[in-house]
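Working notes, beginning with the structure itself.
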Amino acid sequence: VILKLTIRAYFALQLVSLHAFTWSSQLEEFLIANREEYLRHSTLNYTVQQKQYNNKLTERMLELAAECGYVFDEHDFSFVTVRDRIRCYYKSYVQSLKKRGIVIGYAARKAGLVTDSEIEKSAKSKGTIYVPSNMKH
């Protein structure tokens with residue numbers, strides 16, 4: 001994935017590699033801002049709505065990464081790889097809550113904690129991508 005960079009970002013360019021991968025604090029802020037919406041979509045497990053939302057979230061993540069001066073190494077990352085890293089980020093969050101007895105996302109649906117009418121209502125609601133105010137240019 002090759003990203004276009006702003007002049008400001010060009011001078012602060014940082015190559016993101018799969019080796020020793022971690023989210024930058026700026027990109028993690030974006031993930032945190034979108035956590036609730038992502039988890040809402042995860043209850044829609046393998047639906048068109050979930051796939052569309054995950055793709056839009058990944059596209060926006062790549063745009064913000066470029067704006068912040070990060071370029072994902074094209075040998076290590078494809079669009080799908082970045083999308084999978086986002087999924088793993090949220091999965092870790094869900095697993096940490098589960099250890100404390102809190103069930104959310106698809107696990108809540110499987111456990112019967114989300115009703116069919118709630119799922120239908122959620123499926124009709126369009127996903128929103130949030131950008132923290134300190135990241136808007």
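By convention in this document, the chains of the structure tokens carry letters A, B, ... by their order, each chain's residues are numbered from 1, and ligands are numbered from 1 in the order they are shown.
For Gly127 of chain A, the non-local neighbours within 9 Å, defined as residues at least 4 positions apart in the same chain or in other chains and counting only C-alpha atoms, are A:Glu37, A:Tyr38, A:Arg40, A:His41, A:Gln49, A:Gln50, A:Gln52, A:Tyr53.
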Can I get the selected residues back with N, CA and C atoms, as an mmCIF file, in the first residue's frame?
data_model
loop_
_atom_site.group_PDB
_atom_site.id
_atom_site.type_symbol
_atom_site.label_atom_id
_atom_site.label_comp_id
_atom_site.auth_asym_id
_atom_site.auth_seq_id
_atom_site.Cartn_x
_atom_site.Cartn_y
_atom_site.Cartn_z
ATOM 1 N N GLU A 37 -18.412 1.812 18.010
ATOM 2 C CA GLU A 37 -19.045 1.563 16.709
ATOM 3 C C GLU A 37 -18.542 0.241 16.113
ATOM 4 N N TYR A 38 -17.250 -0.020 16.251
ATOM 5 C CA TYR A 38 -16.688 -1.274 15.751
ATOM 6 C C TYR A 38 -17.343 -2.472 16.450
ATOM 7 N N ARG A 40 -20.224 -2.551 17.946
ATOM 8 C CA ARG A 40 -21.624 -2.656 17.517
ATOM 9 C C ARG A 40 -21.706 -3.457 16.224
ATOM 10 N N HIS A 41 -20.796 -3.174 15.309
ATOM 11 C CA HIS A 41 -20.798 -3.900 14.041
ATOM 12 C C HIS A 41 -20.359 -5.349 14.214
ATOM 13 N N GLN A 49 -23.086 -5.203 6.198
ATOM 14 C CA GLN A 49 -22.880 -3.967 6.966
ATOM 15 C C GLN A 49 -21.555 -3.995 7.722
ATOM 16 N N GLN A 50 -21.257 -5.135 8.346
ATOM 17 C CA GLN A 50 -20.006 -5.243 9.100
ATOM 18 C C GLN A 50 -18.808 -5.131 8.153
ATOM 19 N N GLN A 52 -18.633 -3.689 5.195
ATOM 20 C CA GLN A 52 -18.521 -2.324 4.679
ATOM 21 C C GLN A 52 -17.923 -1.395 5.730
ATOM 22 N N TYR A 53 -18.381 -1.516 6.969
ATOM 23 C CA TYR A 53 -17.858 -0.666 8.039
ATOM 24 C C TYR A 53 -16.365 -0.933 8.253
#
Note to self: Using DSSP assignments from the backbone, pull out every residue in chain A that falls under strand (DSSP E or B) and give it to me as a VMD selection string.
What the structure shows: chain A and resid 14 to 16 70 to 72
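Nearest to Ala65 of chain A of all the residues A:Ile32, A:Val131, A:Leu27, A:Ile86 is A:Leu27, counting only C-alpha atoms.
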Note to self: With DSSP run on the backbone, what are the alpha helix (DSSP H) residues within segment 25-113 of chain A? I'd like them as a PyMOL selection string.
What the structure shows: chain A and resi 25-33+35-42+48-67+79-99+105-110
Margin query: One decimal, in Å: what's the spacing between atom CA of Thr43 of chain A and atom CA of Gln95 of chain A?
Written below: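 If I compute the distance from atom CA of Thr43 of chain A to atom CA of Gln95 of chain A, I get 14.9 Å.
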Checklist line | Closest of A:Phe79, A:Tyr46, A:Phe72, A:Tyr93 to Ala123 of chain A - atom-to-atom distances counting only C-alpha atoms | finding: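 Checking each candidate against Ala123 of chain A, we get A:Tyr46 as the closest.
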Could you list, as a compact mmCIF listing (two decimals) with all heavy atoms, in the first residue's frame, every residue within 12 Å of segment 99-102 of chain A, counting only C-alpha atoms and ignoring same-chain residues fewer than 6 positions away?
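File part_22.txt, as written:
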# COMPACT_ATOMS: atom_id res chain seq x y z
N SER A 92 -8.33 -8.01 21.24
CA SER A 92 -7.58 -7.97 22.51
C SER A 92 -8.37 -7.22 23.58
O SER A 92 -8.39 -7.63 24.75
CB SER A 92 -6.23 -7.30 22.31
OG SER A 92 -5.42 -8.07 21.49
N TYR A 93 -9.01 -6.13 23.18
CA TYR A 93 -9.83 -5.35 24.11
C TYR A 93 -10.99 -6.20 24.63
O TYR A 93 -11.24 -6.25 25.83
CB TYR A 93 -10.35 -4.10 23.41
CG TYR A 93 -11.29 -3.28 24.25
CD1 TYR A 93 -10.81 -2.46 25.26
CD2 TYR A 93 -12.67 -3.33 24.03
CE1 TYR A 93 -11.67 -1.71 26.04
CE2 TYR A 93 -13.54 -2.58 24.81
CZ TYR A 93 -13.05 -1.78 25.81
OH TYR A 93 -13.91 -1.05 26.57
N ALA A 108 -21.37 -11.31 23.11
CA ALA A 108 -22.63 -10.97 23.77
C ALA A 108 -23.81 -11.51 22.97
O ALA A 108 -24.79 -12.00 23.53
CB ALA A 108 -22.75 -9.46 23.96
N ALA A 111 -24.01 -15.21 23.50
CA ALA A 111 -24.46 -15.52 24.86
C ALA A 111 -25.93 -15.17 25.06
O ALA A 111 -26.47 -15.36 26.15
CB ALA A 111 -23.60 -14.78 25.87
N LEU A 113 -27.22 -12.15 25.00
CA LEU A 113 -27.36 -10.87 25.70
C LEU A 113 -27.84 -9.75 24.79
O LEU A 113 -28.15 -8.66 25.25
CB LEU A 113 -26.02 -10.48 26.34
CG LEU A 113 -25.45 -11.49 27.35
CD1 LEU A 113 -24.07 -11.07 27.79
CD2 LEU A 113 -26.38 -11.64 28.54
Checklist line | Residue nearest Thr81 of chain A among A:Thr58, A:Val94, A:Val103, A:Ser25 (counting only C-alpha atoms) | finding: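 The shortest atom-to-atom distance to Thr81 of chain A comes from A:Thr58.
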Next item on the list: With a distance cut-off of 8 Å and only C-alpha atoms, select the neighbouring residues of Tyr106 of chain A, excluding the residue or stretch itself and same-chain residues fewer than 2 positions from it, and output the selection as a ChimeraX atom specification.
Entry: /A:39,42-45,104,108-110
Check: So which one's closest to Ile129 of chain A, A:Lys98, A:Lys56, A:His75, A:Arg85? Using only C-alpha atoms, please.
Finding: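 Nearest to Ile129 of chain A: A:Lys56.
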Note to self: Given only C-alpha atoms as the basis, pick out the residue of A:Ser24, A:Thr47, A:Ser133, A:Thr115 nearest to Met61 of chain A.
What the structure shows: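 The answer is A:Ser24, which sits nearest to Met61 of chain A.
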